[in-house]
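Asks: The structure file model_17.tsv (TSV, C-alpha atoms) is provided below.
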chain	number	residue	atom	x	y	z
T	11	MET	CA	107.65	124.98	105.23
T	12	LEU	CA	109.19	128.25	104.10
T	13	SER	CA	105.83	130.02	104.35
T	14	ASN	CA	105.92	129.46	108.13
T	15	ILE	CA	109.25	131.25	108.52
T	16	ARG	CA	109.18	135.00	109.03
T	17	ILE	CA	112.02	137.50	109.01
T	18	VAL	CA	111.47	140.16	111.69
T	19	LEU	CA	113.32	143.48	111.44
T	20	ILE	CA	113.29	145.75	114.48
T	21	ASN	CA	113.42	149.52	114.12
T	22	THR	CA	115.34	149.57	110.85
T	23	PHE	CA	116.89	152.95	110.15
T	24	HIS	CA	117.88	152.83	106.47
T	25	PRO	CA	114.96	152.07	104.11
T	26	GLY	CA	117.38	150.86	101.46
T	27	ASN	CA	118.28	147.96	103.74
T	28	VAL	CA	114.63	146.93	103.91
T	29	GLY	CA	114.46	146.78	100.13
T	30	ALA	CA	117.71	144.79	99.90
T	31	ILE	CA	116.41	142.37	102.55
T	32	ALA	CA	113.18	141.83	100.60
T	33	ARG	CA	115.26	140.94	97.55
T	34	ALA	CA	117.50	138.60	99.57
T	35	MET	CA	114.45	136.85	101.02
T	36	LYS	CA	112.77	136.33	97.65
T	37	ASN	CA	116.00	134.92	96.23
T	38	MET	CA	115.75	132.16	98.84
T	39	GLY	CA	112.00	131.50	98.80
T	40	LEU	CA	111.08	133.42	101.97
T	41	THR	CA	108.03	135.65	101.72
T	42	ASN	CA	107.02	136.72	105.25
T	43	LEU	CA	108.55	140.04	106.23
T	44	TYR	CA	107.66	141.69	109.54
T	45	LEU	CA	108.73	145.27	110.29
T	46	VAL	CA	108.68	146.47	113.89
T	47	ASP	CA	108.43	150.25	114.19
T	48	PRO	CA	110.51	151.00	111.06
T	49	ASN	CA	111.94	154.45	110.39
T	50	ASP	CA	111.12	156.12	107.06
T	51	TYR	CA	108.82	153.46	105.66
T	52	PRO	CA	107.25	153.04	103.13
T	53	SER	CA	110.03	154.55	101.06
T	54	GLU	CA	110.93	155.00	97.41
T	55	GLU	CA	114.47	153.92	98.26
T	56	ALA	CA	113.22	150.65	99.72
T	57	THR	CA	111.13	150.03	96.62
T	58	SER	CA	114.07	150.79	94.33
T	59	ARG	CA	116.44	148.46	96.20
T	60	ALA	CA	113.87	145.65	96.26
T	61	ALA	CA	113.96	145.34	92.44
T	62	GLY	CA	111.72	142.35	91.64
T	63	ALA	CA	110.74	141.77	95.27
T	64	VAL	CA	108.43	144.76	95.66
T	65	ASP	CA	105.58	142.36	96.37
T	66	LEU	CA	107.27	141.40	99.65
T	67	LEU	CA	107.31	145.06	100.67
T	68	GLU	CA	103.67	145.51	99.69
T	69	ASN	CA	102.66	142.47	101.75
T	70	ALA	CA	104.96	143.17	104.70
T	71	THR	CA	103.34	143.16	108.15
T	72	ILE	CA	104.08	146.34	110.08
T	73	VAL	CA	103.61	146.30	113.86
T	74	PRO	CA	104.53	148.78	116.60
T	75	THR	CA	106.09	146.28	119.05
T	76	PHE	CA	108.32	143.23	118.99
T	77	GLU	CA	105.80	141.34	121.12
T	78	GLU	CA	103.16	141.68	118.40
T	79	ALA	CA	105.55	140.42	115.73
T	80	ILE	CA	106.22	137.13	117.55
T	81	ALA	CA	102.97	136.58	119.47
T	82	ASP	CA	101.85	133.59	117.36
T	83	CYS	CA	105.32	132.05	116.99
T	84	SER	CA	106.42	128.87	118.75
T	85	LEU	CA	110.13	129.34	118.04
T	86	VAL	CA	111.88	132.72	118.12
T	87	ILE	CA	115.56	132.97	117.15
T	88	GLY	CA	117.47	136.19	117.74
T	89	THR	CA	120.56	137.10	115.72
T	90	SER	CA	123.59	138.53	117.48
T	91	ALA	CA	127.26	138.92	116.63
T	92	ARG	CA	128.28	138.61	120.27
T	93	HIS	CA	127.65	136.28	123.17
T	94	ARG	CA	125.13	137.55	125.71
T	95	THR	CA	124.68	136.91	129.40
T	96	PHE	CA	121.36	135.10	128.90
T	97	GLN	CA	122.96	131.72	128.14
T	98	LEU	CA	120.53	130.81	125.39
T	99	PRO	CA	121.45	127.87	123.16
T	100	ILE	CA	123.70	129.34	120.45
T	101	MET	CA	123.84	128.16	116.83
T	102	ASN	CA	125.66	129.23	113.71
T	103	ALA	CA	123.64	130.01	110.57
T	104	ARG	CA	123.81	126.45	109.21
T	105	GLU	CA	122.76	124.88	112.50
T	106	CYS	CA	119.96	127.42	112.72
T	107	ALA	CA	118.62	126.44	109.31
T	108	GLU	CA	118.79	122.74	110.10
T	109	SER	CA	116.76	123.28	113.27
T	110	VAL	CA	114.26	125.68	111.68
T	111	ILE	CA	113.14	123.50	108.76
T	112	PRO	CA	111.60	120.66	110.82
T	113	GLU	CA	110.00	123.17	113.20
T	114	ALA	CA	108.45	125.07	110.30
T	115	THR	CA	106.49	122.03	109.16
T	116	SER	CA	103.90	122.72	111.85
T	117	HIS	CA	104.90	125.91	113.71
T	118	GLN	CA	105.39	129.58	113.02
T	119	VAL	CA	109.09	130.47	113.33
T	120	ALA	CA	110.58	133.97	113.65
T	121	ILE	CA	114.19	134.91	112.93
T	122	VAL	CA	114.81	138.34	114.38
T	123	PHE	CA	117.30	140.98	113.29
T	124	GLY	CA	118.00	144.13	115.29
T	125	ARG	CA	118.95	147.68	114.46
T	126	GLU	CA	121.71	148.40	111.96
T	127	THR	CA	123.99	150.01	114.54
T	128	THR	CA	123.19	148.35	117.87
T	129	GLY	CA	121.52	145.06	116.96
T	130	LEU	CA	119.02	143.50	119.35
T	131	LEU	CA	118.65	144.88	122.86
T	132	ASN	CA	119.23	142.53	125.78
T	133	GLU	CA	115.53	142.60	126.67
T	134	GLU	CA	114.70	141.54	123.10
T	135	ILE	CA	117.20	138.67	123.11
T	136	ALA	CA	115.67	137.63	126.44
T	137	GLN	CA	112.37	136.96	124.64
T	138	CYS	CA	113.99	134.52	122.22
T	139	HIS	CA	114.40	130.75	122.55
T	140	ARG	CA	117.66	130.52	120.64
T	141	GLN	CA	120.48	132.76	119.43
T	142	VAL	CA	122.16	132.56	116.02
T	143	TYR	CA	125.45	134.06	114.89
T	144	ILE	CA	127.28	134.15	111.56
T	145	ASP	CA	130.86	132.89	111.39
T	146	ALA	CA	133.12	135.70	110.18
T	147	ASN	CA	136.64	137.07	110.43
T	148	ASP	CA	137.37	137.84	114.09
T	149	GLU	CA	139.22	140.98	113.07
T	150	TYR	CA	136.13	142.37	111.34
T	151	PRO	CA	132.97	140.32	111.94
T	152	VAL	CA	130.51	143.16	111.29
T	153	LEU	CA	127.98	142.47	108.54
T	154	ASN	CA	125.46	144.75	106.92
T	155	ILE	CA	121.98	143.66	108.01
T	156	SER	CA	120.93	142.75	104.46
T	157	GLN	CA	124.07	140.59	104.13
T	158	ALA	CA	123.22	138.85	107.40
T	159	VAL	CA	119.68	138.11	106.24
T	160	GLN	CA	121.02	136.83	102.90
T	161	ILE	CA	123.36	134.36	104.60
T	162	VAL	CA	120.72	133.02	107.00
T	163	ALA	CA	118.14	132.83	104.20
T	164	TYR	CA	120.61	130.95	101.97
T	165	GLU	CA	121.25	128.36	104.67
T	166	ILE	CA	117.50	127.90	105.14
T	167	TRP	CA	117.04	127.44	101.40
T	168	MET	CA	119.82	124.86	101.25
T	169	ALA	CA	118.47	122.94	104.25
T	170	ASN	CA	115.02	122.91	102.63
T	171	GLN	CA	116.48	121.63	99.36
T	172	ASN	CA	118.25	118.71	101.02
T	173	LYS	CA	116.64	115.63	99.45
T	174	ASP	CA	117.95	113.45	102.27
T	175	PHE	CA	116.13	115.56	104.81
T	176	VAL	CA	113.48	113.61	106.70
T	177	ALA	CA	110.87	115.76	108.41
T	178	LYS	CA	110.79	115.00	112.10
T	179	GLU	CA	107.57	114.97	114.01
T	180	THR	CA	107.96	117.90	116.39
T	181	PRO	CA	106.02	118.36	119.64
T	182	GLU	CA	103.26	120.96	119.85
T	183	TYR	CA	104.75	124.07	121.41
T	184	PRO	CA	102.81	127.02	122.85
T	185	HIS	CA	102.78	130.37	121.10
T	186	LYS	CA	104.83	133.21	122.52
T	187	LYS	CA	101.64	134.95	123.71
T	188	ASP	CA	100.72	131.84	125.73
T	189	MET	CA	104.15	131.86	127.35
T	190	ASP	CA	103.66	135.52	128.26
T	191	LEU	CA	100.38	134.64	130.01
T	192	PHE	CA	102.24	131.93	131.91
T	193	TYR	CA	104.92	134.42	132.97
T	194	ASP	CA	102.21	136.79	134.24
T	195	HIS	CA	100.64	133.89	136.19
T	196	LEU	CA	104.03	132.88	137.59
T	197	GLU	CA	104.85	136.42	138.67
T	198	GLU	CA	101.45	136.89	140.30
T	199	THR	CA	101.85	133.61	142.22
T	200	LEU	CA	105.41	134.25	143.42
T	201	TYR	CA	104.49	137.70	144.67
T	202	GLY	CA	101.33	136.33	146.26
T	203	ILE	CA	103.17	133.74	148.37
T	204	ASN	CA	105.95	136.25	149.18
T	205	PHE	CA	108.59	134.19	147.43
T	206	ILE	CA	109.53	137.49	145.79
T	207	ILE	CA	109.29	140.79	147.65
T	208	ARG	CA	107.75	143.51	145.49
T	209	ASN	CA	110.07	146.23	146.77
T	210	HIS	CA	113.16	144.06	146.23
T	211	PRO	CA	112.35	141.65	143.37
T	212	GLY	CA	115.97	140.99	142.39
T	213	LYS	CA	116.59	138.97	139.22
T	214	VAL	CA	114.57	135.86	140.05
T	215	LEU	CA	111.90	136.50	137.41
T	216	ASP	CA	114.49	137.29	134.74
T	217	LYS	CA	116.29	134.03	135.47
T	218	LEU	CA	113.03	132.06	135.41
T	219	HIS	CA	112.10	133.62	132.05
T	220	ARG	CA	115.49	132.61	130.70
T	221	PHE	CA	115.13	129.09	132.08
T	222	PHE	CA	111.72	128.46	130.50
T	223	ASN	CA	112.69	130.08	127.17
T	224	ARG	CA	115.76	127.86	127.06
T	225	SER	CA	113.91	124.67	128.01
T	226	ARG	CA	110.84	125.38	125.78
T	227	PRO	CA	108.05	123.47	127.56
T	228	GLU	CA	105.60	121.76	125.22
T	229	LYS	CA	101.99	122.93	125.12
T	230	GLN	CA	100.77	120.11	127.34
T	231	GLU	CA	103.62	120.69	129.80
T	232	LEU	CA	102.74	124.38	129.97
T	233	GLY	CA	99.17	123.41	130.86
T	234	ILE	CA	100.51	121.32	133.74
T	235	LEU	CA	102.63	124.23	134.96
T	236	ARG	CA	99.62	126.56	134.84
T	237	GLY	CA	97.67	123.96	136.83
T	238	VAL	CA	100.41	123.83	139.46
T	239	LEU	CA	100.36	127.61	139.82
T	240	ALA	CA	96.56	127.61	140.13
T	241	ALA	CA	96.77	124.95	142.88
T	242	VAL	CA	99.42	126.96	144.75
T	243	GLN	CA	97.23	130.07	144.58
T	244	ARG	CA	94.22	128.11	145.77
T	245	GLU	CA	96.05	126.50	148.70
T	246	ALA	CA	97.58	129.84	149.68
T	247	GLY	CA	94.15	131.48	149.71
T	248	LEU	CA	95.09	133.83	146.89
T	249	VAL	CA	92.19	132.88	144.64
T	250	GLU	CA	89.57	133.70	147.26
T	251	ALA	CA	91.28	136.99	148.05
T	252	ASN	CA	91.36	137.95	144.39
T	253	ASN	CA	87.71	136.99	143.93
T	254	HIS	CA	86.70	139.05	146.97
T	255	GLN	CA	88.65	142.04	145.68
T	256	GLU	CA	86.97	141.75	142.25
T	257	LYS	CA	83.55	141.64	143.86
T	258	THR	CA	84.18	144.72	146.00
T	259	THR	CA	85.61	146.72	143.11
T	260	ASP	CA	83.20	145.62	140.39
T	261	LYS	CA	80.02	146.08	142.43
T	262	PRO	CA	79.96	149.40	144.32
T	263	ALA	CA	77.62	149.78	147.29
T	264	ASP	CA	74.28	151.55	146.81
T	265	SER	CA	74.32	155.22	147.78
T	266	LYS	CA	71.41	157.32	149.07
T	267	SER	CA	71.32	159.24	145.84
T	268	ASP	CA	70.46	156.00	143.99
T	269	LYS	CA	67.36	155.42	146.09
Using the file provided, produce a representation of the structure as structure tokens.

Replies:
Amino acid sequence: MLSNIRIVLINTFHPGNVGAIARAMKNMGLTNLYLVDPNDYPSEEATSRAAGAVDLLENATIVPTFEEAIADCSLVIGTSARHRTFQLPIMNARECAESVIPEATSHQVAIVFGRETTGLLNEEIAQCHRQVYIDANDEYPVLNISQAVQIVAYEIWMANQNKDFVAKETPEYPHKKDMDLFYDHLEETLYGINFIIRNHPGKVLDKLHRFFNRSRPEKQELGILRGVLAAVQREAGLVEANNHQEKTTDKPADSKSDK
């Protein structure tokens, strides 16, 4: 189970924190570290702070964008010390661990940590299915990022060690990249039937993204939704228009110079 859980760090600034996080992960049996556009990495400081967890640094996956880090994940959980306006289901660290373990039996799960100073951006939280926070003193709830990872990792380890835990059969959920294709299809359809005006799109698409991320349609349900969108496009004549446009752009007319 633990091998299906990845820790994703976005744009880390201090390399020492990356090393400390690798050590914290290995303490708790987590081995998959993803680094999104890290500053000053690889680094001797990171290696020094990792101590006996240098192998995690050597095997870390480094990607330029957040989207690449979570593309094959079915559950993405963003960490945040404050409530956001996106109204995602919110869990504390223990609740997060208890929900992650059964999911990780058959799905890739990402737990995402933001920058040391600003955390996750709103647009990054918006790509998550759930939000996790760590209970702390209200007068000073700020944790170092390596401390935050240690706490979450500890709760995951404890949930995984629970002998009374009975693995639940979880539905098959689509990967994040499949959801992104659905969002593209949804946007194309809503613009095509003039439900959304291109010059004045408003926040409809943002709210729909939030709704589907929160509800997490299963893979089969997503296929039904894609079928509905395809039928709407077909009935609205959008498919024929798109096909005609592709034909006219892909196959230029013969010119005299070709003859």

Asks: Which residues are near range 39-51 of chain T? Cut-off 6 Å, all atoms listed in the file, ignore same chain within fewer than 2 positions. Put them as a PDB file with C-alpha atoms, keeping the file's coordinate frame.

Replies:
ATOM      1  CA  LEU T  12     109.190 128.250 104.100  1.00  0.00           C
ATOM      2  CA  ARG T  16     109.180 135.000 109.030  1.00  0.00           C
ATOM      3  CA  ILE T  17     112.020 137.500 109.010  1.00  0.00           C
ATOM      4  CA  VAL T  18     111.470 140.160 111.690  1.00  0.00           C
ATOM      5  CA  LEU T  19     113.320 143.480 111.440  1.00  0.00           C
ATOM      6  CA  ILE T  20     113.290 145.750 114.480  1.00  0.00           C
ATOM      7  CA  ASN T  21     113.420 149.520 114.120  1.00  0.00           C
ATOM      8  CA  THR T  22     115.340 149.570 110.850  1.00  0.00           C
ATOM      9  CA  PHE T  23     116.890 152.950 110.150  1.00  0.00           C
ATOM     10  CA  MET T  35     114.450 136.850 101.020  1.00  0.00           C
ATOM     11  CA  LYS T  36     112.770 136.330  97.650  1.00  0.00           C
ATOM     12  CA  ASN T  37     116.000 134.920  96.230  1.00  0.00           C
ATOM     13  CA  SER T  53     110.030 154.550 101.060  1.00  0.00           C
ATOM     14  CA  ALA T  70     104.960 143.170 104.700  1.00  0.00           C
ATOM     15  CA  THR T  71     103.340 143.160 108.150  1.00  0.00           C
ATOM     16  CA  ILE T  72     104.080 146.340 110.080  1.00  0.00           C
ATOM     17  CA  VAL T  73     103.610 146.300 113.860  1.00  0.00           C
ATOM     18  CA  PRO T  74     104.530 148.780 116.600  1.00  0.00           C
ATOM     19  CA  THR T  75     106.090 146.280 119.050  1.00  0.00           C
TER      20      THR T  75
END

Asks: Considering only C-alpha atoms, state which residue in the set T:His139, T:Arg236, T:Arg104, T:Lys217 is at the smallest distance from Met168 in chain T.

Replies: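 Residue with the minimum atom-to-atom distance to Met168 in chain T: T:Arg104.
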
Asks: Using Å and a single decimal, report how far CA of Val110 in chain T sits from CA of Leu153 in chain T.

Replies: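 Taking CA of Leu153 in chain T and CA of Val110 in chain T, their separation equals 21.9 Å.
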
Asks: What lies within 8 Å of His195 in chain T using all atoms listed in the file, ignoring chain neighbours under 3 positions off, as a VMD selection string?

Replies: chain T and resid 191 to 192 198 to 199 236 239

Asks: Rounded to one decimal place, report the CA of Pro25 in chain T-CA of Ala56 in chain T distance in Å.

Replies: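 Separation of CA of Pro25 in chain T and CA of Ala56 in chain T: 4.9 Å.
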
Asks: For a quick check of understanding, using all atoms listed in the file, which of T:Thr180, T:Gln141, T:Asn154, T:Asn102 has the smallest distance to Thr127 in chain T?

Replies: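 Looking at the shortest contact to Thr127 in chain T, the residue is T:Asn154.
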
Asks: Calculated over all atoms listed in the file, which of the candidates T:Ala163, T:Gly129, T:Ile100, T:His219 has the smallest distance to Asp194 in chain T?

Replies: T:His219

Asks: Quick one: pull the distance between CA of Ala120 in chain T and CA of Asp82 in chain T, Å, one decimal.

Replies: 9.5 Å

Asks: Please return as a count of residues only every residue within 8 Å of (111.5, 125.6, 103.0), taking into account all atoms listed in the file and the file's own coordinates.

Replies: 12
